[in-house]
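Here's final27.txt, which has compact mmCIF, C-alpha atoms:
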```txt
# COMPACT_ATOMS: atom_id res chain seq x y z
CA MET N 24 30.22 351.74 113.57
CA ARG N 25 27.93 354.64 112.68
CA GLN N 26 30.40 355.60 110.00
CA SER N 27 30.39 352.15 108.46
CA VAL N 28 26.57 352.00 108.43
CA ASP N 29 26.48 355.38 106.67
CA ARG N 30 29.02 354.11 104.21
CA ARG N 31 26.96 351.04 103.41
CA ASP N 32 23.85 353.15 103.01
CA PHE N 33 25.67 355.38 100.60
CA LEU N 34 26.92 352.46 98.58
CA ARG N 35 23.46 350.97 98.46
CA LEU N 36 22.04 354.28 97.22
CA ALA N 37 24.78 354.46 94.66
CA GLY N 38 23.75 351.00 93.53
CA ILE N 39 27.17 349.45 93.84
CA ALA N 40 27.13 347.78 97.22
CA GLY N 41 27.01 344.07 97.68
CA VAL N 42 26.38 342.24 100.91
CA THR N 43 28.42 343.53 103.80
CA PHE N 44 30.05 340.90 105.95
CA THR N 45 30.78 342.28 109.39
CA ALA N 46 32.83 340.39 111.90
CA GLY N 47 34.84 341.14 115.01
CA LEU N 48 37.93 340.40 113.05
CA PHE N 49 40.23 341.79 115.71
CA PRO N 50 38.77 340.12 118.80
CA GLY N 51 41.63 341.20 121.02
CA HIS N 52 41.64 344.77 119.78
CA ARG N 53 40.53 347.36 122.32
CA ALA N 54 38.42 350.30 121.14
CA SER N 55 40.97 352.71 122.62
CA ALA N 56 43.51 351.49 120.11
CA GLN N 57 41.51 353.14 117.33
CA ALA N 58 43.49 356.31 117.88
CA ALA N 59 45.73 355.24 115.02
CA GLY N 60 42.80 355.95 112.70
CA ASP N 61 40.20 353.93 110.84
CA PHE N 62 40.61 353.46 107.13
CA HIS N 63 39.55 351.28 104.26
CA PHE N 64 41.25 349.55 101.39
CA VAL N 65 40.17 347.51 98.38
CA GLN N 66 41.09 343.91 97.62
CA MET N 67 41.10 342.83 93.98
CA SER N 68 42.01 339.29 93.03
CA ASP N 69 42.50 336.73 90.31
CA THR N 70 42.20 339.00 87.31
CA HIS N 71 43.93 336.40 85.06
CA TRP N 72 44.76 338.95 82.38
CA GLY N 73 45.30 337.05 79.12
CA PHE N 74 42.64 334.41 79.77
CA LYS N 75 40.40 333.64 76.85
CA GLY N 76 37.50 331.20 76.85
CA PRO N 77 33.79 330.59 77.33
CA PRO N 78 33.88 331.08 81.14
CA ASN N 79 34.28 334.80 80.42
CA PRO N 80 33.60 336.10 76.89
CA ASP N 81 34.10 339.61 78.32
CA ALA N 82 37.60 338.82 79.61
CA GLU N 83 39.23 341.66 77.68
CA HIS N 84 37.08 344.27 79.42
CA THR N 85 36.30 342.89 82.88
CA LEU N 86 39.39 344.35 84.55
CA GLU N 87 38.79 347.78 83.01
CA LYS N 88 35.24 347.72 84.33
CA ALA N 89 36.44 346.82 87.82
CA VAL N 90 38.96 349.66 87.71
CA ALA N 91 36.14 352.06 86.81
CA THR N 92 34.00 350.73 89.68
CA VAL N 93 36.79 351.24 92.21
CA ASN N 94 37.47 354.71 90.82
CA ALA N 95 33.76 355.53 91.33
CA LEU N 96 33.81 354.74 95.06
CA ALA N 97 32.59 357.79 96.95
CA GLN N 98 35.39 357.49 99.49
CA LYS N 99 38.74 356.74 97.98
CA PRO N 100 40.42 353.74 99.61
CA ASP N 101 43.80 354.34 101.22
CA PHE N 102 45.28 351.65 99.03
CA ILE N 103 44.43 348.73 96.77
CA PHE N 104 45.85 345.23 97.13
CA PHE N 105 45.85 342.60 94.39
CA THR N 106 46.02 339.09 95.86
CA GLY N 107 47.58 337.31 92.91
CA ASP N 108 46.90 335.65 89.58
CA LEU N 109 47.21 339.05 87.98
CA THR N 110 47.83 337.26 84.69
CA HIS N 111 46.77 333.92 83.27
CA THR N 112 49.64 331.48 82.95
CA THR N 113 51.60 330.95 79.77
CA GLU N 114 54.74 328.93 79.16
CA ASP N 115 56.09 331.63 76.87
CA GLY N 116 58.18 333.97 79.01
CA ASN N 117 57.81 336.83 76.52
CA GLU N 118 54.05 336.44 76.49
CA ARG N 119 54.05 336.32 80.31
CA ARG N 120 55.85 339.66 80.39
CA ALA N 121 53.54 341.11 77.73
CA ARG N 122 50.54 340.15 79.85
CA MET N 123 52.08 341.69 82.96
CA LYS N 124 52.87 344.85 81.03
CA LYS N 125 49.29 345.12 79.77
CA PHE N 126 47.86 344.34 83.21
CA LYS N 127 50.02 347.06 84.73
CA GLU N 128 48.90 349.50 82.05
CA ILE N 129 45.21 348.83 82.79
CA VAL N 130 45.54 349.13 86.57
CA SER N 131 47.53 352.34 86.15
CA GLY N 132 44.05 353.74 85.44
CA LEU N 133 43.20 353.36 89.14
CA SER N 134 42.85 356.80 90.63
CA VAL N 135 44.35 355.56 93.90
CA LYS N 136 48.07 355.38 93.33
CA ASP N 137 49.05 353.27 96.34
CA VAL N 138 48.55 349.90 94.65
CA ARG N 139 50.30 346.77 95.89
CA PHE N 140 50.65 343.37 94.32
CA MET N 141 51.43 339.78 95.13
CA PRO N 142 51.74 336.84 92.72
CA GLY N 143 49.48 333.87 92.19
CA GLU N 144 50.65 330.56 90.79
CA HIS N 145 49.66 331.67 87.29
CA ASP N 146 52.08 334.60 87.58
CA ALA N 147 54.98 332.95 89.33
CA SER N 148 55.01 329.18 89.52
CA LEU N 149 56.56 328.50 86.11
CA ASP N 150 59.54 330.84 86.58
CA LYS N 151 59.73 331.02 90.39
CA GLY N 152 58.50 334.62 90.34
CA GLU N 153 61.21 335.97 88.02
CA ALA N 154 58.92 337.94 85.67
CA PHE N 155 56.70 339.08 88.54
CA LYS N 156 59.70 340.60 90.35
CA GLU N 157 60.71 342.48 87.19
CA PHE N 158 57.32 344.18 87.03
CA PHE N 159 56.05 344.34 90.60
CA GLY N 160 58.97 343.86 93.01
CA ASP N 161 59.29 341.45 95.90
CA THR N 162 56.90 338.54 96.18
CA HIS N 163 56.80 338.73 99.99
CA TYR N 164 57.13 341.88 102.07
CA THR N 165 55.63 343.92 104.87
CA PHE N 166 54.31 347.44 105.24
CA ASP N 167 52.59 349.41 107.94
CA HIS N 168 49.57 351.65 107.57
CA LYS N 169 47.83 353.66 110.28
CA GLY N 170 48.78 351.31 113.08
CA VAL N 171 48.17 348.06 111.22
CA HIS N 172 51.00 345.74 110.20
CA PHE N 173 50.50 344.12 106.79
CA ILE N 174 52.36 340.99 105.69
CA ALA N 175 52.30 339.66 102.13
CA LEU N 176 53.23 335.96 102.04
CA ASP N 177 54.24 334.20 98.84
CA ASN N 178 52.89 330.65 98.66
CA VAL N 179 53.10 330.32 94.87
CA SER N 180 56.65 330.98 93.63
CA ASP N 181 57.45 327.45 94.72
CA PRO N 182 55.35 325.43 92.24
CA ALA N 183 54.66 322.92 95.00
CA ALA N 184 52.69 325.62 96.85
CA LYS N 185 55.09 326.03 99.75
CA LEU N 186 56.10 329.08 101.72
CA GLY N 187 59.41 327.39 102.37
CA ASP N 188 61.64 327.39 105.45
CA GLU N 189 63.43 330.60 104.47
CA GLN N 190 60.21 332.62 104.20
CA LEU N 191 58.84 331.06 107.38
CA ALA N 192 62.01 332.12 109.22
CA TRP N 193 61.59 335.62 107.75
CA LEU N 194 57.97 335.65 108.99
CA ALA N 195 59.03 334.50 112.47
CA ASP N 196 61.65 337.27 112.63
CA ASP N 197 59.12 339.87 111.54
CA LEU N 198 56.52 338.76 114.07
CA LYS N 199 59.05 338.91 116.91
CA LYS N 200 59.09 342.69 116.44
CA HIS N 201 55.40 342.92 117.30
CA LYS N 202 53.37 342.84 120.48
CA PRO N 203 50.78 340.10 120.96
CA ASP N 204 47.90 342.58 120.60
CA ASP N 205 49.21 344.40 117.51
CA ARG N 206 46.80 344.42 114.57
CA ILE N 207 48.17 342.22 111.80
CA VAL N 208 46.72 341.63 108.33
CA VAL N 209 48.16 338.87 106.17
CA PHE N 210 47.72 338.65 102.42
CA THR N 211 48.27 335.36 100.60
CA HIS N 212 47.18 333.97 97.28
CA ARG N 213 46.32 330.43 98.28
CA PRO N 214 44.54 329.58 101.53
CA LEU N 215 46.97 328.95 104.36
CA PHE N 216 44.67 326.28 105.79
CA ASP N 217 43.44 323.04 104.20
CA LEU N 218 40.25 324.39 102.65
CA PHE N 219 39.69 321.49 100.26
CA PRO N 220 42.82 319.41 99.67
CA SER N 221 41.18 317.26 96.98
CA TRP N 222 41.08 320.39 94.82
CA ASP N 223 44.52 321.46 96.00
CA TRP N 224 43.02 324.43 97.84
CA ALA N 225 45.71 324.53 100.48
CA THR N 226 49.31 325.55 101.14
CA ALA N 227 51.68 322.63 101.70
CA ASP N 228 53.28 324.23 104.77
CA GLY N 229 50.54 326.76 105.54
CA ALA N 230 49.97 325.25 108.99
CA LYS N 231 53.48 326.40 109.98
CA ALA N 232 52.56 330.00 109.14
CA ILE N 233 49.31 329.71 111.12
CA ASP N 234 51.30 328.34 114.07
CA LEU N 235 53.58 331.39 113.92
CA LEU N 236 50.61 333.78 113.71
CA THR N 237 48.46 332.14 116.38
CA PRO N 238 50.17 333.75 119.42
CA TYR N 239 49.04 337.13 118.05
CA GLN N 240 45.52 338.07 119.12
CA ASN N 241 44.51 340.31 116.22
CA VAL N 242 45.30 338.57 112.97
CA VAL N 243 43.16 338.37 109.86
CA VAL N 244 44.04 336.83 106.49
CA PHE N 245 42.77 337.94 103.08
CA TYR N 246 43.44 335.67 100.13
CA GLY N 247 42.28 334.75 96.60
CA HIS N 248 42.82 331.64 94.46
CA ILE N 249 39.42 330.00 94.96
CA HIS N 250 37.47 332.61 92.94
CA GLN N 251 34.65 333.04 95.43
CA GLU N 252 33.79 334.66 98.72
CA HIS N 253 34.62 332.34 101.61
CA HIS N 254 35.06 332.83 105.35
CA HIS N 255 36.80 330.44 107.71
CA MET N 256 38.31 330.50 111.19
CA THR N 257 41.43 328.70 112.37
CA GLY N 258 41.24 329.33 116.11
CA HIS N 259 40.87 333.10 116.48
CA ILE N 260 42.33 333.87 113.02
CA ALA N 261 39.78 334.72 110.33
CA HIS N 262 40.52 333.86 106.69
CA HIS N 263 38.51 335.65 103.97
CA ALA N 264 38.70 334.62 100.31
CA ALA N 265 37.81 337.17 97.64
CA LYS N 266 35.88 336.78 94.43
CA SER N 267 37.74 336.67 91.15
CA LEU N 268 37.63 339.16 88.29
CA ILE N 269 37.63 336.53 85.53
CA PHE N 270 35.35 333.57 86.35
CA PRO N 271 33.84 332.05 89.49
CA LEU N 272 34.71 328.56 90.68
CA PRO N 273 32.27 326.18 92.41
CA ALA N 274 31.93 325.95 96.17
CA PRO N 275 34.43 323.49 97.66
CA GLY N 276 33.37 319.93 96.91
CA SER N 277 30.01 320.99 95.46
CA GLN N 278 30.67 319.18 92.19
CA PRO N 279 33.09 316.49 91.05
CA LYS N 280 35.46 318.76 89.14
CA ARG N 281 36.97 322.12 89.97
CA VAL N 282 35.87 323.74 86.70
CA PRO N 283 34.68 327.32 86.16
CA LEU N 284 30.99 328.00 86.61
CA PRO N 285 29.09 328.85 83.41
CA TYR N 286 29.30 332.46 82.29
CA ASP N 287 26.71 334.76 83.75
CA ALA N 288 26.22 337.93 81.71
CA GLU N 289 25.47 339.84 84.91
CA MET N 290 28.79 338.63 86.36
CA LYS N 291 27.19 337.92 89.71
CA GLY N 292 30.00 335.65 90.83
CA LEU N 293 32.71 338.23 90.12
CA GLY N 294 33.80 341.38 91.87
CA GLU N 295 36.16 343.13 94.19
CA ARG N 296 35.72 344.08 97.84
CA GLU N 297 36.08 347.04 100.10
CA ILE N 298 37.48 346.40 103.57
CA THR N 299 36.89 348.86 106.37
CA MET N 300 39.44 348.65 109.15
CA ALA N 301 38.08 349.76 112.51
CA ALA N 302 37.42 348.08 115.86
CA LYS N 303 35.20 345.82 113.79
CA ILE N 304 36.05 345.19 110.19
CA GLY N 305 33.44 345.43 107.47
CA ILE N 306 33.84 343.58 104.20
CA THR N 307 31.64 344.92 101.43
CA GLU N 308 31.52 342.85 98.27
CA LEU N 309 31.33 345.02 95.16
CA PRO N 310 30.23 343.99 91.68
CA VAL N 311 32.39 344.34 88.58
CA THR N 312 30.32 347.21 87.28
CA LYS N 313 27.89 349.70 88.71
CA ALA N 314 24.22 348.76 88.46
CA MET H 16 52.32 260.29 113.65
CA LYS H 17 54.04 263.08 115.44
CA ARG H 18 56.16 263.66 112.35
CA ARG H 19 53.03 263.92 110.12
CA VAL H 20 51.40 266.39 112.46
CA PHE H 21 54.63 268.36 112.56
CA ALA H 22 54.82 268.21 108.76
CA ALA H 23 51.17 269.26 108.47
CA LEU H 24 51.74 272.10 110.89
CA LEU H 25 54.88 273.09 109.02
CA PHE H 26 53.02 272.95 105.69
CA GLY H 27 50.16 274.95 107.16
CA SER H 28 52.55 277.58 108.44
CA ALA H 29 54.28 277.71 105.11
CA VAL H 30 51.01 278.28 103.24
CA GLU H 31 49.92 280.87 105.75
CA GLY H 32 53.30 282.52 105.47
CA ALA H 33 53.12 282.48 101.71
CA VAL H 34 49.71 284.13 101.81
CA ARG H 35 50.96 286.73 104.24
CA LEU H 36 53.98 287.29 102.05
CA ALA H 37 51.77 287.70 98.98
CA ALA H 38 49.52 290.13 100.81
CA ALA H 39 52.51 292.12 102.02
CA THR H 40 54.07 292.35 98.59
CA PRO H 41 52.43 295.34 96.96
CA ASP H 42 50.96 295.15 93.52
CA GLU H 43 52.69 297.58 91.23
CA ILE H 44 50.88 299.92 88.88
CA ASP H 45 52.78 302.07 86.40
CA ILE H 46 51.55 305.61 85.97
CA MET H 47 52.92 308.03 83.40
CA ALA H 48 52.62 311.78 83.96
CA MET H 49 52.81 314.42 81.26
CA LYS H 50 51.19 317.79 80.69
CA PHE H 51 48.32 317.63 81.63
CA ASP H 52 47.34 314.00 82.13
CA PHE H 53 48.07 310.85 84.03
CA TYR H 54 48.10 307.54 82.12
CA PRO H 55 46.07 305.71 83.26
CA ASP H 56 43.82 308.24 84.90
CA THR H 57 41.41 305.68 86.35
CA ILE H 58 42.83 302.90 88.50
CA LYS H 59 41.03 300.05 90.25
CA VAL H 60 42.56 298.37 93.30
CA LYS H 61 41.41 295.96 96.01
CA ARG H 62 40.65 297.02 99.55
CA GLY H 63 43.25 295.86 102.07
CA ARG H 64 45.81 294.99 99.42
CA PRO H 65 48.94 297.13 99.32
CA VAL H 66 49.66 298.79 96.01
CA THR H 67 52.70 300.69 94.81
CA PHE H 68 52.31 303.36 92.18
CA VAL H 69 55.42 303.55 90.03
CA LEU H 70 55.45 307.06 88.64
CA ASN H 71 57.40 308.42 85.70
CA ALA H 72 57.26 311.89 84.12
CA LEU H 73 57.77 312.38 80.42
CA ASP H 74 58.22 316.12 80.13
CA ARG H 75 58.89 317.98 83.38
CA ILE H 76 58.48 317.71 87.13
CA HIS H 77 54.94 316.93 88.17
CA GLY H 78 53.45 316.05 91.50
CA PHE H 79 51.31 313.14 92.64
CA LYS H 80 49.07 313.69 95.60
CA MET H 81 46.39 311.49 97.15
CA PRO H 82 45.08 313.58 100.03
CA ASP H 83 42.73 310.84 101.26
CA PHE H 84 45.73 308.59 101.87
CA GLY H 85 48.11 311.29 103.12
CA VAL H 86 50.70 310.63 100.42
CA ARG H 87 52.44 312.74 97.82
CA THR H 88 55.64 312.74 95.83
CA ASP H 89 57.36 314.76 93.18
CA ILE H 90 57.54 312.94 89.85
CA VAL H 91 60.97 313.80 88.50
CA PRO H 92 61.76 312.92 84.87
CA GLY H 93 64.31 310.15 84.57
CA VAL H 94 63.63 308.91 88.07
CA GLU H 95 61.31 306.08 89.04
CA ASN H 96 59.17 307.60 91.80
CA ARG H 97 57.25 305.20 94.04
CA VAL H 98 54.35 305.65 96.45
CA THR H 99 52.74 302.77 98.36
CA ILE H 100 49.34 302.74 100.01
CA THR H 101 47.09 300.12 101.54
CA PRO H 102 43.52 301.26 100.99
CA GLU H 103 41.39 300.22 103.95
CA LYS H 104 38.04 301.53 102.70
CA THR H 105 36.16 301.17 99.45
CA GLY H 106 35.16 304.17 97.39
CA THR H 107 36.34 306.64 94.79
CA PHE H 108 39.28 308.88 95.57
CA VAL H 109 41.03 311.62 93.67
CA PHE H 110 44.71 312.01 92.84
CA PHE H 111 46.18 315.03 91.13
CA CYS H 112 49.31 316.92 90.19
CA ASP H 113 50.24 319.34 92.97
CA VAL H 114 53.25 320.92 91.26
CA PHE H 115 51.99 323.75 89.07
CA CYS H 116 52.86 322.76 85.51
CA GLY H 117 51.06 325.24 83.25
CA ASP H 118 47.72 326.05 81.67
CA GLY H 119 45.88 322.80 82.18
CA HIS H 120 47.48 321.98 85.53
CA GLU H 121 44.12 322.30 87.26
CA ASP H 122 42.77 319.50 85.05
CA MET H 123 45.63 317.08 85.68
CA ASN H 124 43.95 314.57 87.94
CA GLY H 125 42.72 311.00 88.12
CA THR H 126 40.50 308.62 90.04
CA LEU H 127 41.37 305.71 92.28
CA ILE H 128 38.55 303.19 92.73
CA VAL H 129 38.90 300.86 95.72
CA GLU H 130 36.72 297.76 95.54
CA ASP H 131 36.12 294.70 97.72
```

Rewrite the structure from the file as structure tokens, please.
Amino acid sequence: MRQSVDRRDFLRLAGIAGVTFTAGLFPGHRASAQAAGDFHFVQMSDTHWGFKGPPNPDAEHTLEKAVATVNALAQKPDFIFFTGDLTHTTEDGNERRARMKKFKEIVSGLSVKDVRFMPGEHDASLDKGEAFKEFFGDTHYTFDHKGVHFIALDNVSDPAAKLGDEQLAWLADDLKKHKPDDRIVVFTHRPLFDLFPSWDWATADGAKAIDLLTPYQNVVVFYGHIHQEHHHMTGHIAHHAAKSLIFPLPAPGSQPKRVPLPYDAEMKGLGEREITMAAKIGITELPVTKA
Amino acid sequence: MKRRVFAALLFGSAVEGAVRLAAATPDEIDIMAMKFDFYPDTIKVKRGRPVTFVLNALDRIHGFKMPDFGVRTDIVPGVENRVTITPEKTGTFVFFCDVFCGDGHEDMNGTLIVED
């Protein structure tokens, strides 16, 4: 805890810290289990490379600025995870690949080289993830890091926003290999729960995934899609949505239409986040650029 | 006398039955879906009266979802897709495409107005 306070102080002094959200995200996790080692990683989301329009006149530079901000972190994160919508959708398959190529070129400027990706519907829903796989590999997968099991779930390659029975069976098989008190982090693009169905902020069969995860005591979900910070509990499972790096969207149901908020030159509604994994998990929201 | 009463009762039942039959036969409303609009995108219906939306897609698969009524369907081109609801409360409700269909998908929605 002392370490995370020092970290926040440092970030504040460096002028790049946002508000830190601290929660007992692993309620069933005993302090003794920390032997595996504390660490932190960065979540970046919804970069929508290729988007052009009034909601972000700086769209061609926002991602580069975010890369520079992450590179300037005093403590390098162990890895960086992009939770989808890397590119803005296009019906032209060649243009889709050109956008993915350019996106990959920009993020290759990240000084941390362990960078992982998952698709959003803008990347994958029009071709069922075909172009994404060419550039970034599997759309759902697992990896382990310092005692934590990470699961990337794809709820966008099916344009109807489904995980699908096959992936759910794969998830069930994977979870069977783990003990009830193992620490598990899930990444998705869309919320697994019904955040605001009238704006389609949901996953058609997300409840089935939550049912599979619920027997495990230490599960937390990080996702994107809604272009804003949001925190929600389904039972003991915490779900944390990240800000976007292109334009913010309104709070659920706060206005009639789900349209981007007006451009703010200070980009207050945009950013990435740093996540500290310890007995308690700290989420520090970071701005696009240093102050 | 008995015959007239019987006839009256029979007639009454028939009228009642006809009304029930009319109420149970849904109104039909055609809706066309194409990137990135529904036609019409504003629909007025009566509370308590069943209505069937007859959905056709012009260009590709779309979706039709009315979360407030717990219904959805794919709209497959060349197929007449039908969804029936009986709105029991007045108000304004949203429907939208829930099958990602491109840049503009997020704007593909409409409004159902239920009136007394």

> Taking only C-alpha atoms into account, which residues of chain N are within 7 Å of chain H, as a ChimeraX atom specification?
Replying inline: /N:112-114,148-149,182-183,220-221,223

> At what distance in Å, to one decimal, does CA of Gln66 in chain N lie from CA of Tyr246 in chain N?
Replying inline: 8.9 Å

> Which of these, H:Arg75, H:Lys59, H:Arg64, H:Arg87, has the shortest distance to Leu127 in chain H once you count only C-alpha atoms?
Replying inline: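 Nearest candidate to Leu127 in chain H out of H:Arg75, H:Lys59, H:Arg64, H:Arg87: H:Lys59.
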
>> So, with all atoms listed in the file as the atoms that count, which of N:Leu272, N:Leu194, N:Ala121, N:Met290 lies closest to Thr85 in chain N?
In response: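 Using all atoms listed in the file, the shortest distance to Thr85 in chain N belongs to N:Met290.
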
>> Need the shell around Val311 in chain N: protein/DNA/RNA residues with any atom at most 7 Å away, counting all atoms listed in the file. Skip same-chain ones fewer than 5 positions apart. Format as a PyMOL selection string?
In response: chain N and resi 88-89+92+293-295

Range 41-50 of chain H: which residues within 8 Å, counting only C-alpha atoms, same-chain residues fewer than 5 positions away excluded, as an mmCIF file with C-alpha atoms, keeping the file's coordinate frame?
```
data_model
loop_
_atom_site.group_PDB
_atom_site.id
_atom_site.type_symbol
_atom_site.label_atom_id
_atom_site.label_comp_id
_atom_site.auth_asym_id
_atom_site.auth_seq_id
_atom_site.Cartn_x
_atom_site.Cartn_y
_atom_site.Cartn_z
ATOM 1 C CA PRO H 55 46.070 305.710 83.260
ATOM 2 C CA ARG H 64 45.810 294.990 99.420
ATOM 3 C CA PRO H 65 48.940 297.130 99.320
ATOM 4 C CA VAL H 66 49.660 298.790 96.010
ATOM 5 C CA THR H 67 52.700 300.690 94.810
ATOM 6 C CA PHE H 68 52.310 303.360 92.180
ATOM 7 C CA VAL H 69 55.420 303.550 90.030
ATOM 8 C CA LEU H 70 55.450 307.060 88.640
ATOM 9 C CA ASN H 71 57.400 308.420 85.700
ATOM 10 C CA ALA H 72 57.260 311.890 84.120
ATOM 11 C CA LEU H 73 57.770 312.380 80.420
ATOM 12 C CA ASP H 74 58.220 316.120 80.130
ATOM 13 C CA ARG H 75 58.890 317.980 83.380
ATOM 14 C CA HIS H 77 54.940 316.930 88.170
ATOM 15 C CA ILE H 90 57.540 312.940 89.850
ATOM 16 C CA THR H 99 52.740 302.770 98.360
ATOM 17 C CA CYS H 116 52.860 322.760 85.510
ATOM 18 C CA GLY H 117 51.060 325.240 83.250
ATOM 19 C CA GLY H 119 45.880 322.800 82.180
ATOM 20 C CA HIS H 120 47.480 321.980 85.530
ATOM 21 C CA MET H 123 45.630 317.080 85.680
#
```

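Each of N:Pro142, N:Gly170, N:Gly107, N:Pro203 was checked against Ala264 in chain N using all atoms listed in the file; the smallest atom-to-atom distance is that of N:Gly107.
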
> Which residue out of H:Asp52, H:Thr126, H:Asp131, H:Lys61 has the minimum interatomic distance to Ile100 in chain H when all atoms listed in the file are used?
Replying inline: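 Nearest candidate to Ile100 in chain H out of H:Asp52, H:Thr126, H:Asp131, H:Lys61: H:Lys61.
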
>> Given only C-alpha atoms as the basis, pick out the residue of H:Thr40, H:Phe53, H:Ile58, H:Lys104 nearest to Phe79 in chain H.
In response: H:Phe53

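Here CA of Ile174 in chain N is placed at a distance of 14.2 Å from CA of Arg213 in chain N.
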
For Leu215 in chain N, list every protein, DNA or RNA residue within 7 Å, evaluated using all atoms listed in the file, and leave out those in the same chain fewer than 5 positions away; present the list as a compact mmCIF listing (two decimals) with C-alpha atoms, in the coordinates of the input.
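Once written, out13.txt looks like this:
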```
# COMPACT_ATOMS: atom_id res chain seq x y z
CA ALA N 225 45.71 324.53 100.48
CA THR N 226 49.31 325.55 101.14
CA GLY N 229 50.54 326.76 105.54
CA ALA N 230 49.97 325.25 108.99
```

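CA of Trp224 in chain N sits 24.9 Å away from CA of Thr101 in chain H.
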
> Quick one: residues within 8 Å of Ile260 in chain N, all atoms listed in the file counted, chain neighbours fewer than 5 positions away excluded, as a ChimeraX atom specification?
Replying inline: /N:48,237,241-244

> Could you name the residues that touch Leu176 in chain N at 9 Å or less, counting only C-alpha atoms, but leaving out those on the same chain fewer than 4 positions away, as a ChimeraX atom specification?
Replying inline: /N:141,162-165,186,190,194,209-212

> Which is closer to Ile269 in chain N than all the others in N:Asp197, N:Glu128, N:Asp287, N:Asp161, using only C-alpha atoms?
Replying inline: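 Among N:Asp197, N:Glu128, N:Asp287, N:Asp161, it is N:Asp287 that comes nearest to Ile269 in chain N.
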
Centre and edge lengths, as lines of an AutoDock Vina configuration file, for the axis-aligned box enclosing every listed atom of range 179-195 of chain N with 5 Å of padding on each of the six sides, in Å to one decimal?
```
center_x = 58.1
center_y = 329.3
center_z = 102.4
size_x = 20.7
size_y = 22.7
size_z = 30.2
```
